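Asks: Here's a structure for you.
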Amino acid sequence: MQMRKALTKARSGTLVAQVLLLITIASRSSAAAVQQNCFREEGSIDTMGTVIAIEAYGPDPARVKAAIADALKEARRLDAMLSNYRPETEWSRMNRLAAGQPVHVSKELFALLTACAEYNRESEGTFDISVGPLMRIWGFYKGSGRLPAPSEVLAAMRSVGYQNVLLDREHQTVRFAKQGIELDPGGIGKGYAVDRMAQILRQEGIRAAFISAGGSSIYALGAPPGEKGWRVDLQDPRMPSKRAASVLLRDESISTSGNYEKFFYANGKRWSHIMDPRTGYPAQGMLSVSVIAPKTIDSEAWAKPYFILGRQWTAKHKKKAFRIFMCEDHTGSSCAWVQ
């Protein structure tokens with residue numbers, strides 16, 4: 001059995017997933033797959049701020065290639081709707097106009113914003129896509145980070161809080177309660193896209209596929225030929241060469257949030273992009289959190305609240321269908337499953 005890293009190389013030649021979340025897939029060689037009348041195809045696209053890659057199997061290579069192309073096309077479509085970096089998208093238009101008037105949005109976007117409201121409520125406000133102003137002053141919007149003055153944080157916090165996002169279900173409109181509100185799709189967009197891509201692959205008859213959005217939001221559809229599932233190895237954030245855990249995924253997702261994804265050092269301290277919307281500062285005390293869930297939108301959305309709120313809160317509020325692996329920022333054996 002051949003072990004292959006499921007990290008697709010980006011156009012620059014660098015690996016899609018940056019350190020720490022090392023994904024390995026236990027699958028048979030392409031030759032063995034062909035002998036079973038099952039062909040392996042792959043494809044990738046640079047979109048949604050990352051590289052999204054697909055590996056899929058099927059008896060008809062042309063059909064598998066076409067399904068992969070359609071799934072990647074869906075990722076492009078969603079980037080054209082959800083990006084807050086591109087001024088022409090529906091998301092950006094909403095951000096520009098909603099403080100001054102109700103903005104009618106598509107049924108799809110309204111449903112996504114409604115889901116965000118539910119995540120916000122269940123996570124006690126720690127999942128909050130209104131952190132856009134904080135991401136800007138901390139330098140993580142199109143940047144690698146900077147340490148803002150306390151006065152900047154206080155000013156930005158006046159525009160943070162999902163209670164300021166007013167959703168009118170009857171008219172399918174969004175309105176912001178005050179000026180300065182800016183929604184950031186970074187905590188949910190990739191997960192939603194991966195689920196949509198998996199749905200398209202299923203609709204086109206694909207029964208075995210692995211979808212990775214930057215290595216941090218993943219869906220495993222079915223299993224490779226001759227295997228029980230797709231194996232994913234999670235590395236210890238303190239020791240990238242060491243495997244902290246290994247899981248076998250089948251028709252489920254895994255998403256990881258880590259303080260190593262985007263960060264900078266200032267005043268002798270590491271500051272990451274995982275923002276605690278209750279304080280206006282990056283969350284502390286955790287190195288990484290991986291969430292396994294039936295849907296990628298759920299695993300991605302919940303990874304950050306669990307990261308922010310810590311092991312004790314997570315153990316008490318964990319969803320029954322979830323498996324959660326945490327690496328805490330303290331000495332000793334810091335990585336373990338949440339019981």
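Chain labels follow the order of the structure tokens: the first chain is A, the next B, and so on; residue numbering restarts at 1 in every chain, and ligands are counted from 1 in their shown order.
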Could you list, as a list of chain:residue names, every residue within 10 Å of Ala321 in chain A, counting only C-alpha atoms and ignoring same-chain residues fewer than 5 positions away?
Replies: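 Counting only the stated atoms, we get A:Ile292, A:Ala293, A:Pro294.
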Asks: Go ahead and save the picked residues with N, CA and C atoms, as a PDB file, in the first residue's frame.
Replies:
ATOM      1  N   ILE A 292     -13.916  17.340  13.722  1.00  0.00           N
ATOM      2  CA  ILE A 292     -14.462  16.389  12.754  1.00  0.00           C
ATOM      3  C   ILE A 292     -15.968  16.419  12.880  1.00  0.00           C
ATOM      4  N   ALA A 293     -16.653  16.643  11.754  1.00  0.00           N
ATOM      5  CA  ALA A 293     -18.110  16.786  11.766  1.00  0.00           C
ATOM      6  C   ALA A 293     -18.676  16.278  10.447  1.00  0.00           C
ATOM      7  N   PRO A 294     -19.969  15.973  10.408  1.00  0.00           N
ATOM      8  CA  PRO A 294     -20.566  15.504   9.141  1.00  0.00           C
ATOM      9  C   PRO A 294     -20.469  16.525   8.017  1.00  0.00           C
TER      10      PRO A 294
END
Asks: Among range 113-192 of chain A, which ones does DSSP place in strand (DSSP E), written as a ChimeraX atom specification?
Replies: /A:165-168,173-176
Asks: May I ask which of the residues A:Asp70, A:Glu328, A:Asp168, A:Glu90 is the closest one to Val105 in chain A, counting only C-alpha atoms?
Replies: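 The answer is A:Glu90, which sits nearest to Val105 in chain A.
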Asks: Could you tell me, as an mmCIF file with N, CA and C atoms, in the first residue's frame, which residues of range 160-307 of chain A DSSP assigns to helix (DSSP H, G or I) when given the backbone?
Replies:
data_model
loop_
_atom_site.group_PDB
_atom_site.id
_atom_site.type_symbol
_atom_site.label_atom_id
_atom_site.label_comp_id
_atom_site.auth_asym_id
_atom_site.auth_seq_id
_atom_site.Cartn_x
_atom_site.Cartn_y
_atom_site.Cartn_z
ATOM 1 N N TYR A 162 -22.497 40.665 16.218
ATOM 2 C CA TYR A 162 -23.448 40.213 15.193
ATOM 3 C C TYR A 162 -24.866 40.693 15.471
ATOM 4 N N GLN A 163 -25.110 41.210 16.672
ATOM 5 C CA GLN A 163 -26.417 41.798 16.952
ATOM 6 C C GLN A 163 -26.661 43.046 16.104
ATOM 7 N N ASN A 164 -25.602 43.580 15.518
ATOM 8 C CA ASN A 164 -25.727 44.746 14.643
ATOM 9 C C ASN A 164 -26.074 44.375 13.207
ATOM 10 N N PRO A 185 -16.009 36.857 5.727
ATOM 11 C CA PRO A 185 -16.445 35.471 5.500
ATOM 12 C C PRO A 185 -15.381 34.428 5.805
ATOM 13 N N GLY A 186 -14.223 34.875 6.331
ATOM 14 C CA GLY A 186 -13.099 33.966 6.498
ATOM 15 C C GLY A 186 -13.363 32.776 7.397
ATOM 16 N N GLY A 187 -14.330 32.876 8.305
ATOM 17 C CA GLY A 187 -14.570 31.777 9.229
ATOM 18 C C GLY A 187 -15.573 30.756 8.758
ATOM 19 N N GLY A 189 -16.562 30.651 4.827
ATOM 20 C CA GLY A 189 -16.648 30.557 3.366
ATOM 21 C C GLY A 189 -16.075 29.278 2.789
ATOM 22 N N LYS A 190 -14.885 28.886 3.244
ATOM 23 C CA LYS A 190 -14.260 27.685 2.680
ATOM 24 C C LYS A 190 -15.057 26.432 3.022
ATOM 25 N N GLY A 191 -15.538 26.358 4.270
ATOM 26 C CA GLY A 191 -16.317 25.193 4.666
ATOM 27 C C GLY A 191 -17.582 25.044 3.843
ATOM 28 N N TYR A 192 -18.256 26.167 3.622
ATOM 29 C CA TYR A 192 -19.468 26.140 2.794
ATOM 30 C C TYR A 192 -19.129 25.698 1.374
ATOM 31 N N ALA A 193 -18.044 26.218 0.823
ATOM 32 C CA ALA A 193 -17.642 25.865 -0.541
ATOM 33 C C ALA A 193 -17.302 24.384 -0.663
ATOM 34 N N VAL A 194 -16.576 23.845 0.307
ATOM 35 C CA VAL A 194 -16.201 22.428 0.251
ATOM 36 C C VAL A 194 -17.449 21.542 0.275
ATOM 37 N N ASP A 195 -18.425 21.886 1.100
ATOM 38 C CA ASP A 195 -19.672 21.106 1.125
ATOM 39 C C ASP A 195 -20.403 21.160 -0.208
ATOM 40 N N ARG A 196 -20.438 22.325 -0.813
ATOM 41 C CA ARG A 196 -21.101 22.459 -2.115
ATOM 42 C C ARG A 196 -20.372 21.635 -3.179
ATOM 43 N N MET A 197 -19.058 21.622 -3.125
ATOM 44 C CA MET A 197 -18.285 20.835 -4.075
ATOM 45 C C MET A 197 -18.530 19.348 -3.890
ATOM 46 N N ALA A 198 -18.604 18.915 -2.640
ATOM 47 C CA ALA A 198 -18.893 17.501 -2.371
ATOM 48 C C ALA A 198 -20.271 17.123 -2.892
ATOM 49 N N GLN A 199 -21.223 18.024 -2.749
ATOM 50 C CA GLN A 199 -22.576 17.773 -3.245
ATOM 51 C C GLN A 199 -22.580 17.601 -4.764
ATOM 52 N N ILE A 200 -21.818 18.423 -5.453
ATOM 53 C CA ILE A 200 -21.742 18.317 -6.909
ATOM 54 C C ILE A 200 -21.092 17.000 -7.326
ATOM 55 N N LEU A 201 -20.020 16.611 -6.650
ATOM 56 C CA LEU A 201 -19.379 15.331 -6.976
ATOM 57 C C LEU A 201 -20.355 14.173 -6.781
ATOM 58 N N ARG A 202 -21.113 14.193 -5.708
ATOM 59 C CA ARG A 202 -22.114 13.146 -5.473
ATOM 60 C C ARG A 202 -23.152 13.123 -6.591
ATOM 61 N N GLN A 203 -23.651 14.302 -6.954
ATOM 62 C CA GLN A 203 -24.674 14.391 -7.989
ATOM 63 C C GLN A 203 -24.177 13.851 -9.321
ATOM 64 N N THR A 296 -18.658 20.224 6.469
ATOM 65 C CA THR A 296 -17.484 21.079 6.589
ATOM 66 C C THR A 296 -17.842 22.465 7.087
ATOM 67 N N ILE A 297 -19.026 22.960 6.745
ATOM 68 C CA ILE A 297 -19.426 24.270 7.246
ATOM 69 C C ILE A 297 -19.476 24.267 8.765
ATOM 70 N N ASP A 298 -19.896 23.141 9.354
ATOM 71 C CA ASP A 298 -19.947 23.038 10.811
ATOM 72 C C ASP A 298 -18.552 22.888 11.417
ATOM 73 N N SER A 299 -17.728 22.043 10.823
ATOM 74 C CA SER A 299 -16.389 21.855 11.393
ATOM 75 C C SER A 299 -15.585 23.145 11.309
ATOM 76 N N GLU A 300 -15.728 23.890 10.200
ATOM 77 C CA GLU A 300 -14.983 25.153 10.093
ATOM 78 C C GLU A 300 -15.540 26.204 11.041
ATOM 79 N N ALA A 301 -16.855 26.343 11.098
ATOM 80 C CA ALA A 301 -17.455 27.371 11.940
ATOM 81 C C ALA A 301 -17.144 27.144 13.416
ATOM 82 N N TRP A 302 -17.120 25.887 13.861
ATOM 83 C CA TRP A 302 -16.936 25.613 15.282
ATOM 84 C C TRP A 302 -15.477 25.554 15.712
ATOM 85 N N ALA A 303 -14.548 25.423 14.767
ATOM 86 C CA ALA A 303 -13.135 25.319 15.150
ATOM 87 C C ALA A 303 -12.677 26.550 15.927
ATOM 88 N N LYS A 304 -13.103 27.741 15.508
ATOM 89 C CA LYS A 304 -12.640 28.961 16.187
ATOM 90 C C LYS A 304 -13.287 29.161 17.558
ATOM 91 N N PRO A 305 -14.602 28.977 17.723
ATOM 92 C CA PRO A 305 -15.149 29.075 19.089
ATOM 93 C C PRO A 305 -14.505 28.102 20.073
ATOM 94 N N TYR A 306 -14.273 26.867 19.636
ATOM 95 C CA TYR A 306 -13.611 25.909 20.524
ATOM 96 C C TYR A 306 -12.192 26.377 20.851
ATOM 97 N N PHE A 307 -11.511 26.944 19.857
ATOM 98 C CA PHE A 307 -10.166 27.484 20.061
ATOM 99 C C PHE A 307 -10.205 28.596 21.108
#
Asks: Hey, what's within 8 Å of Met81 in chain A if we count only C-alpha atoms and toss same-chain stuff fewer than 3 positions away? As a list of chain:residue names, please?
Replies: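 Those residues are A:Arg77, A:Leu78, A:Thr89, A:Glu90, A:Trp91.
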Asks: Listing only residues of range 219-298 of chain A within 9 Å of range 132-144 of chain A, what is the closest atom pair and its distance in Å (to one decimal) for each, using only C-alpha atoms, sorted by chain and residue number ascending, as a tab-separated table?
Replies:
residue	atom	partner	partner_atom	distance
A:Lys262	CA	A:Ser144	CA	6.6
A:Phe263	CA	A:Ser144	CA	6.6
A:Phe264	CA	A:Ser144	CA	6.9
A:Ser272	CA	A:Phe140	CA	8.9
A:His273	CA	A:Phe140	CA	6.5
A:Met275	CA	A:Leu134	CA	7.7
A:Pro277	CA	A:Leu134	CA	8.2
A:Gly280	CA	A:Leu134	CA	6.5
A:Tyr281	CA	A:Leu134	CA	8.2
Asks: Could you take the residues named above and write them with N, CA and C atoms, as a PDB file, in the first residue's frame?
Replies:
ATOM      1  N   LYS A 262      -1.672  32.398  10.472  1.00  0.00           N
ATOM      2  CA  LYS A 262      -1.254  33.781  10.250  1.00  0.00           C
ATOM      3  C   LYS A 262      -0.888  34.342  11.616  1.00  0.00           C
ATOM      4  N   PHE A 263       0.315  34.879  11.739  1.00  0.00           N
ATOM      5  CA  PHE A 263       0.735  35.395  13.031  1.00  0.00           C
ATOM      6  C   PHE A 263       1.931  36.327  12.864  1.00  0.00           C
ATOM      7  N   PHE A 264       2.232  37.053  13.930  1.00  0.00           N
ATOM      8  CA  PHE A 264       3.432  37.878  13.975  1.00  0.00           C
ATOM      9  C   PHE A 264       3.885  37.958  15.430  1.00  0.00           C
ATOM     10  N   SER A 272      -1.853  35.825  16.814  1.00  0.00           N
ATOM     11  CA  SER A 272      -2.393  35.118  15.656  1.00  0.00           C
ATOM     12  C   SER A 272      -3.643  35.812  15.136  1.00  0.00           C
ATOM     13  N   HIS A 273      -4.145  35.318  14.007  1.00  0.00           N
ATOM     14  CA  HIS A 273      -5.310  35.926  13.356  1.00  0.00           C
ATOM     15  C   HIS A 273      -6.628  35.462  13.965  1.00  0.00           C
ATOM     16  N   MET A 275      -9.243  35.829  16.200  1.00  0.00           N
ATOM     17  CA  MET A 275      -9.647  36.960  17.017  1.00  0.00           C
ATOM     18  C   MET A 275     -10.773  36.586  17.979  1.00  0.00           C
ATOM     19  N   PRO A 277     -13.777  38.010  19.516  1.00  0.00           N
ATOM     20  CA  PRO A 277     -14.610  39.204  19.307  1.00  0.00           C
ATOM     21  C   PRO A 277     -15.122  39.816  20.595  1.00  0.00           C
ATOM     22  N   GLY A 280     -11.460  41.860  21.450  1.00  0.00           N
ATOM     23  CA  GLY A 280     -10.772  42.626  20.418  1.00  0.00           C
ATOM     24  C   GLY A 280      -9.328  42.216  20.227  1.00  0.00           C
ATOM     25  N   TYR A 281      -8.896  41.168  20.931  1.00  0.00           N
ATOM     26  CA  TYR A 281      -7.519  40.701  20.851  1.00  0.00           C
ATOM     27  C   TYR A 281      -7.478  39.240  20.396  1.00  0.00           C
TER      28      TYR A 281
END
Asks: For range 282-290 of chain A, list every protein, DNA or RNA residue within 7 Å, evaluated using only C-alpha atoms, and leave out those in the same chain fewer than 4 positions away; present the list as a list in words.
Replies: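 Using only C-alpha atoms, the neighbours found are Pro237, Ile254, Ser255, Thr256, Ser257, Gly258, Asn259, Trp271, Ser272, His273, Ile274, Met275, Asp276, Ala303, Phe307, Ile308, Ile324, Phe325, Met326, Cys327, Glu328 and Asp329 of chain A.
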Asks: Measure the distance from CA of Gly222 in chain A to CA of Leu249 in chain A in Å and round it to one decimal.
Replies: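 Going from CA of Gly222 in chain A over to CA of Leu249 in chain A covers 8.3 Å.
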Asks: How many Å lie between CA of Pro240 in chain A and CA of Tyr260 in chain A, rounded to one decimal?
Replies: 11.1 Å
